[in-house]
There are 2 protein chains.
Amino acid sequence: MTASPAPVYDWTVLDDATREALLARPVQTVAQRTRDAVAGLLADVQARGDAALREVTARFDGVELATFEVSEAEFAAAHTAVPADLRQAMQEAAERIEAFHRAGMAQPYSVETAPGVVCERMILPIPRVGLYVPAGSAPLPSTALMLGIPSRLAGCREVVLCTPPRKDGTADPAVLVAAQLTGVRCVFKLGGAQAIAAMAFGTDSVPACDKLFGPGNSYVTEAKQQVAQSGAAAIDMPAGPSEVLVIADAGADAAFVAADLLSQAEHGPDSQVLLLSDDEGLIERVQAELATQLAELDRADIARQALSASRLVKVATLDEAFAISNRYAPEHLILALRDARAWLGRVEAAGSVFLGDYTPEALGDYCSGTNHVLPTSGAARAYSGVSVASFQNFVSVQSASRAGIAAIGDCAVTLARAEGLDAHANAVALRLRKAAA
Amino acid sequence: MTASPAPVYDWTVLDDATREALLARPVQTVAQRTRDAVAGLLADVQARGDAALREVTARFDGVELATFEVSEAEFAAAHTAVPADLRQAMQEAAERIEAFHRAGMAQPYSVETAPGVVCERMILPIPRVGLYVPAGSAPLPSTALMLGIPSRLAGCREVVLCTPPRKDGTADPAVLVAAQLTGVRCVFKLGGAQAIAAMAFGTDSVPACDKLFGPGNSYVTEAKQQVAQSGAAAIDMPAGPSEVLVIADAGADAAFVAADLLSQAEHGPDSQVLLLSDDEGLIERVQAELATQLAELDRADIARQALSASRLVKVATLDEAFAISNRYAPEHLILALRDARAWLGRVEAAGSVFLGDYTPEALGDYCSGTNHVLPTSGAARAYSGVSVASFQNFVSVQSASRAGIAAIGDCAVTLARAEGLDAHANAVALRLRKAAA
């Protein structure tokens, strides 16, 4: 077992402290230097707008841009540059993403809570939203689909998308085609914290946005945190490294499980990878498969680093596995179990769940229809993945007739007086008198 | 007009800078001293738990508490102490709040996005939630209802409620009765930032919570921000002073409008109060009413301070009024208009809307059925008020059969390769081969 690329643990023999340590995410301490650098950059963009953006882009992206907005000509060139099979794949993925997201859209409703008192929920799009599509180790057109489609379904008035420029001053063509597929036309070649700053504060060229969405590196994440904290813009959710937890039984296919662990591991050296199984034989077979498959990967170095911090854990029972998973609250949870659906009721916290042997995480990443922007670092305990609702506001509306206030006014007066709020009581009492007159 | 308790402006003659200033909220700068004090308190509670809570409670609330949890005997005593009419009012309010919130609950759903590919949304309660019910200038049993009812409808496993102790070591009886009405039994006599710390980190007596809800003073607000920022617990929304914007036409009842402005003003000296009207006569009548009604109020001093910073604004048209309101994005928006419903479609951002002459804000505060925990300070542009969904996680679930992955696998492989993620492609390709075998 020493040659295994991933360390193995036996949960049953571990003490509480070791168990806790095994489930702990690496603390994402943002260096004070990073924090200050981001704060400085935000302040600079807020103060100097496009001029600051141009300087920062020259410094970090190595390219001088006169304008940031992607032109019609660039969209057209992107369309030509992207191979037909990739365009077709994006189109198909977009259709399924739209079908799933549309079916889950909340509806307005209305309830007469007392005779003459109607309470309603009205659903409004968030007026102006900003989408960030990273292009660090690789551009992510799939993220443009995952953010663009729900923003369009929500009906947001203004949708802005930022993605980093390449050295030649163009944006990744696949990202542009994906943006276009979702109806997003307002795309800016801006990356990193400067993109977040531009969308949060607005500049002469980039419109200010009410809420910002999307993954990114530690600078992007820190910038999103800072603008959310200051109230400049809301954000979709806190972000950390991507993670998968697989629960597999003796009948699972070791090659599939290993491939799923590796597809998480290749995201980055800090990716979190866990396997829980009640079968020692399965764990051994997965180890062997990991070694074999790892050798074949282009991104083997990245995956190897992530795997060295991964945890293959032997548990006594599947019940124990679910208890651990619920405590960990993984972003992605794969149930490589016989009759996986029967176990679904055990899940208390996860971003997205993948049932059975033929549902790899990669399907959800790209084209099953679900969203891949999901809560990480245990945030799945209290945050949900992106959906159409993430782009909407739910506004309550109430209207009382004279009969309505006559029916419930005394109740309000009694509560207002109990809370010592006279003017509240008075606002109701005045109407009660006139309604009775 | 010089005797008016509220300053009047004519929007049409103002320049852009003055307009902007009129709509600006007072910047809620948290003094570095406050920030540091809260950070120190959080760290202390995290490190020393109940011992720290006892010391802080003695210092700030002036009472030595051996235990924080409210006992059965205290609940029973509270029931006796609360007058029957108040108990009855709370019961009635609870029923309407429940009816409205229940009707808006999201449902799970399932879509077959391709043959053999089923995508679902599963709805899970957030496991452990913490509710904060302040008792600053007055205890707020209504807030216990507004938070307790949706937490119960969501089915949260553990619901903790903190409310400050009184000098005699007991909690406000009305708050306890309200908590009981909603089924919340786990109540702690803890106030301020220490209550937030206890619920975020957990102590020997207070369970740790995944998400914290509720209004509070600047220390509570800062503590919530800090625990959310550090990832210790999620929070419902950012918080600022309460606010109302009234749009009134010539036909509005000046006494009603004045009463609504005053019921906002009495909340605190920093409450935000705006009136927009296209009718100068109405504004004059409202000014006169404000002076008359103000004299009668118990909390006249507070209301007078808030009014002195309020803005009664003459606009050219109601269209202009809606443009201003949408820019301001008020927590509470009252449409004191003839045929108010016809104007509802103009609203782009608000926390809760009140239609017509007989729907004072106080109805929504207490007993129409809608929630009164709402986004302030312009957050209504990107945040919604509390609902059952605030206490739930929405988890996507997907399952593909062999036929399912055969249908969409190539699409995933193409996208994965385009993004340079080989292991993702491999996880799908392995299954495609086996499914075809």
# chains A, B, ... in the order shown; residues from 1 in each chain; ligands from 1
>>> select_by_dssp(residues="stretch 220-383 of chain B", states="alpha helix (DSSP H)", output="PyMOL selection string")
chain B and resi 220-230+254-265+280-296+300-308+318-328+340-343+361-366
>>> select_by_dssp(residues="stretch 282-424 of chain A", states="strand (DSSP E)", output="list in words")
Arg311, Leu312, Val313, Lys314, His332, Leu333, Ile334, Leu335, Ala336, Ser352, Val353, Phe354, Leu355, Gln392, Asn393, Phe394, Val395, Ser396, Val397, Gln398, Ser399 and Ala400 of chain A
>>> residues_around(residues="A:Arg311", least_positions_apart="5", cutoff="12 Å", atoms="only C-alpha atoms", output="number ranges by chain")
A: 4-11, 19, 21-25, 243-246, 261, 265, 271-277, 283, 287, 306
>>> write_last_selection(atoms="C-alpha atoms", output="compact mmCIF listing (two decimals), in the first residue's frame")
# COMPACT_ATOMS: atom_id res chain seq x y z
CA SER A 4 -0.60 4.21 -3.29
CA PRO A 5 -0.92 7.76 -4.58
CA ALA A 6 -3.57 8.40 -1.89
CA PRO A 7 -3.35 7.79 1.85
CA VAL A 8 -5.72 5.24 3.42
CA TYR A 9 -7.30 5.45 6.88
CA ASP A 10 -9.45 3.14 8.97
CA TRP A 11 -12.13 5.32 10.57
CA ARG A 19 -11.18 12.12 12.73
CA ALA A 21 -8.39 16.53 11.40
CA LEU A 22 -9.24 14.17 8.51
CA LEU A 23 -12.45 16.06 7.78
CA ALA A 24 -10.94 19.51 8.22
CA ARG A 25 -10.47 21.51 5.07
CA GLU A 243 -14.22 18.91 -3.64
CA VAL A 244 -15.78 15.47 -4.07
CA LEU A 245 -16.79 12.80 -1.57
CA VAL A 246 -17.52 9.33 -2.92
CA LEU A 261 -11.50 10.93 -7.69
CA ALA A 265 -7.97 15.98 -8.24
CA SER A 271 -8.81 20.05 -4.60
CA GLN A 272 -10.40 17.98 -1.84
CA VAL A 273 -10.89 14.28 -2.57
CA LEU A 274 -12.50 11.75 -0.19
CA LEU A 275 -13.56 8.16 -0.61
CA LEU A 276 -15.57 6.35 2.07
CA SER A 277 -16.16 2.63 1.72
CA ILE A 283 -10.38 0.58 -1.52
CA GLN A 287 -5.70 2.53 -5.17
CA ALA A 306 -4.24 16.76 -4.70
>>> residues_around(residues="B:Ala382", least_positions_apart="2", cutoff="8 Å", atoms="only C-alpha atoms", output="JSON, numbers by chain")
{"A": [126, 210, 211, 234, 392, 393], "B": [379, 380, 384]}
>>> atom_distance(atom1="atom CA of B:Ala250", atom2="atom CA of B:Asp279")
5.3 Å
>>> closest_residue(among="B:Met122, B:Ala389, B:Ala403, B:Ala154", to="A:Leu344", atoms="only C-alpha atoms")
B:Met122
>>> residues_around(residues="A:Leu86", least_positions_apart="6", cutoff="8 Å", atoms="only C-alpha atoms", output="JSON, numbers by chain")
{"B": [414, 415, 418]}
>>> write_last_selection(atoms="C-alpha atoms", output="PDB file, in the first residue's frame")
ATOM      1  CA  THR B 414     -16.210  17.110 -25.876  1.00  0.00           C
ATOM      2  CA  LEU B 415     -16.635  19.882 -23.310  1.00  0.00           C
ATOM      3  CA  ALA B 418     -12.129  21.652 -24.686  1.00  0.00           C
TER       4      ALA B 418
END
>>> atom_distance(atom1="atom CA of A:Leu140", atom2="atom CA of B:Glu419")
6.0 Å
>>> closest_residue(among="A:Trp343, A:Tyr219, A:Tyr328, A:Phe100", to="chain B", atoms="only C-alpha atoms")
A:Phe100
>>> residues_around(residues="A:Leu124", least_positions_apart="6", cutoff="9 Å", atoms="only C-alpha atoms", output="list in words")
Ala154, Gly155, Cys156, Phe391, Gln392, Asn393, Phe394 and Val395 of chain A; Val347, Glu348 and Ala349 of chain B
>>> write_last_selection(atoms="C-alpha atoms", output="PDB file, in the first residue's frame")
ATOM      1  CA  ALA A 154     -34.730  35.135 -14.495  1.00  0.00           C
ATOM      2  CA  GLY A 155     -35.069  38.017 -16.934  1.00  0.00           C
ATOM      3  CA  CYS A 156     -32.284  40.189 -15.547  1.00  0.00           C
ATOM      4  CA  PHE A 391     -30.938  35.828  -9.974  1.00  0.00           C
ATOM      5  CA  GLN A 392     -34.314  36.822  -8.532  1.00  0.00           C
ATOM      6  CA  ASN A 393     -35.762  38.812  -5.681  1.00  0.00           C
ATOM      7  CA  PHE A 394     -38.862  37.615  -3.903  1.00  0.00           C
ATOM      8  CA  VAL A 395     -40.953  40.598  -2.883  1.00  0.00           C
TER       9      VAL A 395
ATOM     10  CA  VAL B 347     -41.715  48.228  -8.743  1.00  0.00           C
ATOM     11  CA  GLU B 348     -38.239  46.917  -9.579  1.00  0.00           C
ATOM     12  CA  ALA B 349     -36.730  46.622  -6.113  1.00  0.00           C
TER      13      ALA B 349
END
>>> residues_around(residues="A:Asp319", least_positions_apart="6", cutoff="10 Å", atoms="only C-alpha atoms", output="VMD selection string")
chain A and resid 278 325 343 346
>>> atom_distance(atom1="atom CA of A:Gln229", atom2="atom CA of B:Gln226")
9.3 Å
>>> closest_residue(among="B:Gly364, B:Gly420, B:Pro375, B:Gly369", to="B:Ile149", atoms="only C-alpha atoms")
B:Gly369
>>> closest_residue(among="B:Leu212, B:Leu318, B:Ala193, B:Ala412", to="chain A", atoms="only C-alpha atoms")
B:Ala412
>>> closest_residue(among="B:Ile123, B:Val397, B:Val56, B:Ala208", to="B:Gly191", atoms="only C-alpha atoms")
B:Val56
>>> closest_residue(among="A:Pro238, A:Pro26, A:Pro215, A:Gly251", to="chain B", atoms="only C-alpha atoms")
A:Pro238
